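Undergrad: Below is the file structure.cif, with mmCIF, C-alpha atoms (C1' of nucleotides).
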```
data_data
#
loop_
_atom_site.label_atom_id
_atom_site.label_comp_id
_atom_site.auth_asym_id
_atom_site.auth_seq_id
_atom_site.Cartn_x
_atom_site.Cartn_y
_atom_site.Cartn_z
CA MET P 1 92.80 97.71 114.82
CA LYS P 2 95.53 97.25 117.33
CA THR P 3 95.12 95.46 120.63
CA VAL P 4 96.96 96.36 123.77
CA PHE P 5 97.98 93.96 126.54
CA HIS P 6 96.14 94.15 129.83
CA PRO P 7 96.68 91.72 132.70
CA SER P 8 93.59 90.00 134.05
CA ILE P 9 92.63 91.42 137.42
CA LYS P 10 93.62 88.16 139.12
CA GLU P 11 97.17 88.52 137.85
CA VAL P 12 97.52 91.98 139.34
CA ARG P 13 100.24 92.11 142.00
CA LEU P 14 100.20 94.50 144.92
CA GLU P 15 103.92 95.23 144.59
CA ASN P 16 103.44 96.36 141.00
CA ILE P 17 100.59 98.66 141.96
CA LEU P 18 102.66 100.26 144.69
CA TYR P 19 105.67 100.57 142.45
CA ALA P 20 103.66 102.10 139.62
CA LEU P 21 102.17 104.70 141.95
CA SER P 22 105.48 105.58 143.61
CA ASP P 23 106.38 107.74 140.61
CA PRO P 24 104.96 111.29 140.76
CA VAL P 25 104.16 111.40 137.04
CA ARG P 26 102.22 108.14 137.19
CA LEU P 27 100.47 108.99 140.45
CA SER P 28 99.36 112.23 138.84
CA VAL P 29 98.03 110.34 135.82
CA VAL P 30 95.92 108.16 138.09
CA GLN P 31 94.70 111.20 140.04
CA GLN P 32 93.59 112.90 136.85
CA LEU P 33 91.79 109.77 135.71
CA GLU P 34 89.97 109.58 139.03
CA GLU P 35 88.86 113.19 138.63
CA GLN P 36 88.10 113.26 134.93
CA GLY P 37 87.21 109.72 133.93
CA GLU P 38 88.21 108.70 130.42
CA MET P 39 91.11 110.67 128.95
CA THR P 40 93.30 110.62 125.86
CA CYS P 41 97.08 110.71 126.24
CA GLY P 42 97.28 114.31 125.15
CA GLN P 43 94.83 115.51 127.80
CA PHE P 44 97.04 114.73 130.76
CA LYS P 45 98.86 117.61 132.40
CA CYS P 46 102.21 117.14 134.08
CA ALA P 47 103.92 119.55 136.44
CA GLU P 48 106.94 119.43 134.19
CA GLN P 49 106.05 118.67 130.62
CA LYS P 50 107.42 115.30 129.56
CA GLY P 51 108.26 113.97 126.10
CA LYS P 52 105.63 111.89 124.34
CA SER P 53 107.72 108.74 124.44
CA THR P 54 108.22 109.22 128.16
CA MET P 55 104.48 109.28 128.68
CA THR P 56 104.06 106.20 126.50
CA HIS P 57 106.47 104.46 128.86
CA HIS P 58 104.55 105.55 131.97
CA PHE P 59 101.24 104.41 130.50
CA LYS P 60 102.76 101.03 129.82
CA VAL P 61 103.95 100.71 133.42
CA LEU P 62 100.48 101.63 134.70
CA ARG P 63 98.83 99.25 132.26
CA ASP P 64 101.15 96.34 133.08
CA ALA P 65 100.51 96.95 136.77
CA GLY P 66 96.78 96.63 136.08
CA LEU P 67 95.88 100.19 137.03
CA ILE P 68 94.65 101.54 133.72
CA HIS P 69 92.89 100.31 130.63
CA THR P 70 93.71 101.62 127.18
CA GLN P 71 91.35 101.45 124.25
CA VAL P 72 92.37 102.52 120.77
CA GLU P 73 89.68 104.68 119.14
CA GLY P 74 90.67 106.11 115.79
CA ARG P 75 93.98 107.83 116.30
CA GLU P 76 93.36 108.44 119.98
CA HIS P 77 94.11 106.17 122.91
CA LEU P 78 91.37 106.33 125.50
CA THR P 79 92.60 105.61 129.00
CA THR P 80 90.47 104.73 132.01
CA LEU P 81 91.19 103.74 135.58
CA ARG P 82 90.29 100.11 136.36
CA ARG P 83 88.57 101.37 139.50
CA LYS P 84 85.83 98.77 140.09
CA GLU P 85 88.03 95.79 139.33
CA LEU P 86 90.77 97.11 141.58
CA ASP P 87 88.36 97.88 144.39
CA ALA P 88 87.12 94.31 144.20
CA ARG P 89 90.64 92.89 144.13
CA PHE P 90 92.17 95.14 146.82
CA PRO P 91 89.37 96.70 148.88
CA GLY P 92 90.10 100.22 150.05
CA LEU P 93 93.58 100.33 148.56
CA LEU P 94 93.08 102.80 145.74
CA SER P 95 90.79 104.98 147.80
CA SER P 96 93.28 105.35 150.60
CA ILE P 97 96.13 106.04 148.21
CA LEU P 98 94.17 108.67 146.29
CA SER P 99 93.00 110.15 149.55
CA ALA P 100 96.58 110.24 150.83
CA ALA P 101 97.60 111.90 147.58
CA GLY P 102 95.17 114.67 148.45
CA ILE P 103 92.66 114.07 145.74
CA LEU P 104 89.47 116.16 145.71
CA LYS P 105 86.53 113.82 146.05
CA THR P 106 87.81 111.38 148.60
CA ALA P 107 90.04 113.80 150.47
CA ALA P 108 87.22 116.27 150.89
CA LYS P 109 85.11 113.60 152.55
CA LEU P 110 87.83 112.65 154.99
CA ARG P 111 88.75 116.20 155.93
CA ARG P 112 85.48 117.36 157.49
CA MET R 1 125.06 105.75 172.09
CA LYS R 2 124.32 106.19 168.42
CA THR R 3 121.32 108.00 167.07
CA VAL R 4 119.59 107.08 163.85
CA PHE R 5 117.82 109.49 161.51
CA HIS R 6 114.04 109.38 161.37
CA PRO R 7 111.93 111.83 159.38
CA SER R 8 109.21 113.64 161.32
CA ILE R 9 105.80 112.30 160.37
CA LYS R 10 104.92 115.56 158.61
CA GLU R 11 107.84 115.11 156.26
CA VAL R 12 106.71 111.64 155.21
CA ARG R 13 105.82 111.50 151.51
CA LEU R 14 103.28 109.13 150.04
CA GLU R 15 105.48 108.33 147.06
CA ASN R 16 108.28 107.17 149.34
CA ILE R 17 105.92 104.95 151.31
CA LEU R 18 104.64 103.32 148.12
CA TYR R 19 108.12 102.93 146.74
CA ALA R 20 109.44 101.40 149.94
CA LEU R 21 106.62 98.87 150.04
CA SER R 22 106.91 97.93 146.36
CA ASP R 23 109.90 95.72 147.15
CA PRO R 24 108.96 92.20 148.34
CA VAL R 25 111.71 92.06 150.95
CA ARG R 26 110.65 95.36 152.51
CA LEU R 27 106.94 94.59 152.30
CA SER R 28 107.65 91.36 154.13
CA VAL R 29 109.58 93.23 156.82
CA VAL R 30 106.59 95.49 157.42
CA GLN R 31 104.24 92.50 157.47
CA GLN R 32 106.35 90.79 160.10
CA LEU R 33 106.44 93.95 162.20
CA GLU R 34 102.66 94.20 162.01
CA GLU R 35 102.36 90.62 163.21
CA GLN R 36 105.12 90.52 165.79
CA GLY R 37 105.57 94.06 167.02
CA GLU R 38 109.12 95.00 168.00
CA MET R 39 111.85 92.95 166.31
CA THR R 40 115.62 92.90 166.06
CA CYS R 41 117.26 92.75 162.61
CA GLY R 42 118.19 89.12 163.07
CA GLN R 43 114.64 88.03 163.78
CA PHE R 44 113.27 88.81 160.34
CA LYS R 45 112.74 85.91 157.98
CA CYS R 46 113.09 86.32 154.23
CA ALA R 47 111.89 83.90 151.57
CA GLU R 48 115.41 83.92 150.16
CA GLN R 49 118.02 84.65 152.75
CA LYS R 50 119.70 88.01 152.12
CA GLY R 51 123.10 89.26 153.16
CA LYS R 52 123.28 91.36 156.31
CA SER R 53 124.38 94.47 154.43
CA THR R 54 121.44 94.04 152.06
CA MET R 55 119.07 94.06 155.01
CA THR R 56 120.77 97.12 156.47
CA HIS R 57 120.04 98.85 153.17
CA HIS R 58 116.36 97.83 153.20
CA PHE R 59 115.91 99.01 156.78
CA LYS R 60 117.34 102.36 155.82
CA VAL R 61 114.91 102.73 152.91
CA LEU R 62 112.00 101.88 155.22
CA ARG R 63 113.27 104.26 157.88
CA ASP R 64 113.83 107.13 155.45
CA ALA R 65 110.35 106.60 154.06
CA GLY R 66 109.00 106.97 157.59
CA LEU R 67 107.64 103.45 157.92
CA ILE R 68 109.80 102.08 160.69
CA HIS R 69 111.55 103.29 163.80
CA THR R 70 114.89 101.91 164.92
CA GLN R 71 116.16 102.09 168.44
CA VAL R 72 119.63 100.94 169.41
CA GLU R 73 119.59 98.81 172.53
CA GLY R 74 122.95 97.35 173.46
CA ARG R 75 124.19 95.58 170.38
CA GLU R 76 120.72 95.02 169.02
CA HIS R 77 118.66 97.30 166.83
CA LEU R 78 115.02 97.24 167.83
CA THR R 79 112.68 97.98 164.96
CA THR R 80 109.02 98.95 165.19
CA LEU R 81 106.36 99.98 162.70
CA ARG R 82 105.31 103.64 163.02
CA ARG R 83 101.70 102.48 162.90
CA LYS R 84 99.83 105.12 164.88
CA GLU R 85 101.67 108.05 163.37
CA LEU R 86 101.17 106.69 159.87
CA ASP R 87 97.50 106.01 160.48
CA ALA R 88 97.08 109.61 161.59
CA ARG R 89 99.00 110.96 158.60
CA PHE R 90 97.47 108.71 155.93
CA PRO R 91 94.23 107.23 157.25
CA GLY R 92 93.51 103.72 156.05
CA LEU R 93 96.61 103.50 153.88
CA LEU R 94 98.70 101.03 155.80
CA SER R 95 95.70 98.91 156.71
CA SER R 96 94.58 98.52 153.13
CA ILE R 97 98.11 97.74 151.96
CA LEU R 98 98.67 95.15 154.65
CA SER R 99 95.23 93.72 153.99
CA ALA R 100 95.99 93.56 150.25
CA ALA R 101 99.27 91.84 151.11
CA GLY R 102 97.22 89.13 152.77
CA ILE R 103 98.22 89.77 156.31
CA LEU R 104 96.51 87.84 159.09
CA LYS R 105 94.80 90.29 161.42
CA THR R 106 93.37 92.74 158.99
CA ALA R 107 92.82 90.31 156.17
CA ALA R 108 90.93 87.96 158.43
CA LYS R 109 88.51 90.71 159.33
CA LEU R 110 87.84 91.63 155.74
CA ARG R 111 87.37 88.08 154.51
CA ARG R 112 84.38 87.10 156.60
"C1'" DA C 1 141.71 89.61 177.50
"C1'" DT C 2 139.55 86.67 173.98
"C1'" DG C 3 135.92 85.43 171.42
"C1'" DA C 4 131.32 85.59 169.80
"C1'" DT C 5 127.32 88.36 168.43
"C1'" DA C 6 124.75 92.12 166.02
"C1'" DG C 7 124.80 94.99 162.79
"C1'" DT C 8 127.13 98.98 159.97
"C1'" DT C 9 129.96 101.08 156.43
"C1'" DC C 10 132.56 100.88 152.29
"C1'" DT C 11 132.94 99.47 147.74
"C1'" DA C 12 131.70 97.29 143.67
"C1'" DT C 13 128.83 94.76 140.35
"C1'" DT C 14 124.84 94.06 137.92
"C1'" DG C 15 120.65 95.24 136.43
"C1'" DT C 16 116.62 98.46 136.08
"C1'" DT C 17 114.31 102.96 135.36
"C1'" DT C 18 113.57 107.50 133.69
"C1'" DT C 19 114.11 110.35 130.15
"C1'" DA C 20 113.79 111.82 125.42
"C1'" DG C 21 115.21 112.35 120.31
"C1'" DA C 22 114.28 110.50 115.76
"C1'" DA C 23 111.89 107.90 112.77
"C1'" DC C 24 107.62 105.79 112.06
"C1'" DA C 25 102.39 104.50 111.44
"C1'" DA C 26 97.56 105.25 111.20
"C1'" DA C 27 93.65 108.11 111.11
"C1'" DA C 28 91.57 112.62 110.26
"C1'" DT C 29 91.44 116.97 107.94
"C1'" DT C 30 92.01 120.15 104.14
"C1'" DA U 1 97.08 113.67 97.71
"C1'" DA U 2 99.34 116.30 101.19
"C1'" DT U 3 99.34 117.67 105.87
"C1'" DT U 4 98.27 117.52 110.59
"C1'" DT U 5 97.24 115.02 114.68
"C1'" DT U 6 97.95 111.31 117.94
"C1'" DG U 7 100.70 108.40 119.68
"C1'" DT U 8 104.21 104.26 119.15
"C1'" DT U 9 108.71 102.00 118.62
"C1'" DC U 10 113.60 102.07 118.61
"C1'" DT U 11 117.73 103.40 120.62
"C1'" DA U 12 120.66 105.30 123.89
"C1'" DA U 13 122.32 107.98 127.88
"C1'" DA U 14 122.37 108.94 132.67
"C1'" DA U 15 120.73 108.03 137.13
"C1'" DC U 16 119.39 104.97 140.46
"C1'" DA U 17 118.56 100.52 143.08
"C1'" DA U 18 119.42 95.59 144.79
"C1'" DT U 19 122.76 92.72 146.13
"C1'" DA U 20 126.56 91.20 148.85
"C1'" DG U 21 131.74 90.53 150.28
"C1'" DA U 22 135.15 92.40 153.37
"C1'" DA U 23 136.57 95.05 156.87
"C1'" DC U 24 134.97 97.27 160.82
"C1'" DT U 25 132.73 98.80 165.54
"C1'" DA U 26 130.47 98.07 169.70
"C1'" DT U 27 128.47 95.18 173.07
"C1'" DC U 28 128.11 91.05 175.69
"C1'" DA U 29 129.80 86.61 177.59
"C1'" DT U 30 133.48 83.64 179.26
#
```
Using the file provided, produce a representation of the structure as structure tokens.

TA:
Amino acid sequence: MKTVFHPSIKEVRLENILYALSDPVRLSVVQQLEEQGEMTCGQFKCAEQKGKSTMTHHFKVLRDAGLIHTQVEGREHLTTLRRKELDARFPGLLSSILSAAGILKTAAKLRR
Amino acid sequence: MKTVFHPSIKEVRLENILYALSDPVRLSVVQQLEEQGEMTCGQFKCAEQKGKSTMTHHFKVLRDAGLIHTQVEGREHLTTLRRKELDARFPGLLSSILSAAGILKTAAKLRR
DNA sequence: ATGATAGTTCTATTGTTTTAGAACAAAATT
DNA sequence: AATTTTGTTCTAAAACAATAGAACTATCAT
């Protein structure tokens, strides 16, 4: 069983979060995780379909930034958003970004 | 009298905001503007001193992203944060980023 | 007028990022 | 056992970004 590197929440740097989310592919990944919860790599949908190795790269950037958690389960890689930890570390940050990105849940609340 | 390009607030894209603020020099510029209000280019302090042309570049990135406004006044360039407009466009975004960056005003409120 | 001040533009270097093809590895299915 | 599925690692190309030196422009002060 393989283990994947994840930074501890204390090590998470704001700059890295912002950088990771400044890419449309990665922002979309985080949006989908917010909407769907746990997902495998293959379940993500991109506007333009990207190569597998490209997605592997983007997951690594998100993971290194502390945004997502990856758990290997059989041959699948289960990805989740580190929502609670991030909310504790940077209160309101993720919510306002996802809301600004026009995500269902949060955006709906703010619009009416 | 020279005019400088500024995007209209409607054109401002979240990704560009996040990208612009993912650089420590630029994040620091925005922090200082939040603390001090209007500033000239020469008034900004960087951890490591940067060349003038480097700073010109960073101001342009911030301006193109819609974060700052530059007004030419004599031989000085007066820079301000587009706070109100940004707050209207992306509610809570700038506040949570500046708070996460450990900025005085906002951070102080959240800490106690 | 001369000089100093404030900042830009041009150009170049160095390093980083996005992208993906090809080969690979491990688990699941037949 | 052979094949399919799921995703990684390696490698490389092309695009982009951070940095700053040098020359420049415009304003202000003497």

Undergrad: The PyMOL selection byres ((chain R) within 8 of (chain U)) - which residues does that actually catch in the file I just gave you? List them as a PyMOL selection string.

TA: chain R and resi 51+53-54+74-75

Undergrad: Can you check which residues of chain P have any atom within 12 Å of chain C? Use all atoms listed in the file and format it as a PyMOL selection string.

TA: chain P and resi 1-2+19-20+23-26+49-58+61+72-77

Undergrad: How would you write, as a list in words, the residues chosen by the PyMOL selection byres ((chain R) within 8 of (chain P)) on this structure?

TA: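 Applied to this file, the PyMOL selection byres ((chain R) within 8 of (chain P)) selects Leu14, Glu15, Asn16, Ile17, Leu18, Tyr19, Leu21, Ser22, Asp23, Pro24, Phe90, Pro91, Gly92, Leu93, Ser96, Ile97, Ser99, Ala100 and Ala101 of chain R.
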
Undergrad: Convert the current residue selection to file output with C-alpha atoms, as an mmCIF file, keeping the file's coordinate frame.

TA:
```cif
data_model
loop_
_atom_site.group_PDB
_atom_site.id
_atom_site.type_symbol
_atom_site.label_atom_id
_atom_site.label_comp_id
_atom_site.auth_asym_id
_atom_site.auth_seq_id
_atom_site.Cartn_x
_atom_site.Cartn_y
_atom_site.Cartn_z
ATOM 1 C CA LEU R 14 103.280 109.130 150.040
ATOM 2 C CA GLU R 15 105.480 108.330 147.060
ATOM 3 C CA ASN R 16 108.280 107.170 149.340
ATOM 4 C CA ILE R 17 105.920 104.950 151.310
ATOM 5 C CA LEU R 18 104.640 103.320 148.120
ATOM 6 C CA TYR R 19 108.120 102.930 146.740
ATOM 7 C CA LEU R 21 106.620 98.870 150.040
ATOM 8 C CA SER R 22 106.910 97.930 146.360
ATOM 9 C CA ASP R 23 109.900 95.720 147.150
ATOM 10 C CA PRO R 24 108.960 92.200 148.340
ATOM 11 C CA PHE R 90 97.470 108.710 155.930
ATOM 12 C CA PRO R 91 94.230 107.230 157.250
ATOM 13 C CA GLY R 92 93.510 103.720 156.050
ATOM 14 C CA LEU R 93 96.610 103.500 153.880
ATOM 15 C CA SER R 96 94.580 98.520 153.130
ATOM 16 C CA ILE R 97 98.110 97.740 151.960
ATOM 17 C CA SER R 99 95.230 93.720 153.990
ATOM 18 C CA ALA R 100 95.990 93.560 150.250
ATOM 19 C CA ALA R 101 99.270 91.840 151.110
#
```

Undergrad: Within 10 Å of Pro7 (chain R), counting all atoms listed in the file, which residues qualify if same-chain residues fewer than 3 places away don't, as a ChimeraX atom specification?

TA: /R:10-13,63-67,69

Undergrad: List the residues sitting within 12 Å of (107.3, 84.0, 161.0) in the file's frame, using all atoms listed in the file, as a list in words.

TA: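 I get Ser28, Val29, Gln31, Gln32, Leu33, Glu34, Glu35, Gln36, Gly37, Met39, Gln43, Phe44, Lys45, Cys46, Ala47, Ile103 and Leu104 of chain R for the residues within 12 Å of that point.
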
Undergrad: CA of Thr80 (chain P) to CA of Phe5 (chain P): how many Å, to one decimal?

TA: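 Atom-to-atom, CA of Thr80 (chain P) and CA of Phe5 (chain P) are spaced 14.2 Å apart.
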
Undergrad: Can you tell me how far CA of Arg83 (chain P) sits from CA of Ile9 (chain P), in Å to one decimal?

TA: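 Going from CA of Arg83 (chain P) over to CA of Ile9 (chain P), I get 10.9 Å.
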
Undergrad: Could you please determine the separation between CA of Ser8 (chain P) and CA of Ile68 (chain P) in Å, to one decimal place?

TA: 11.6 Å
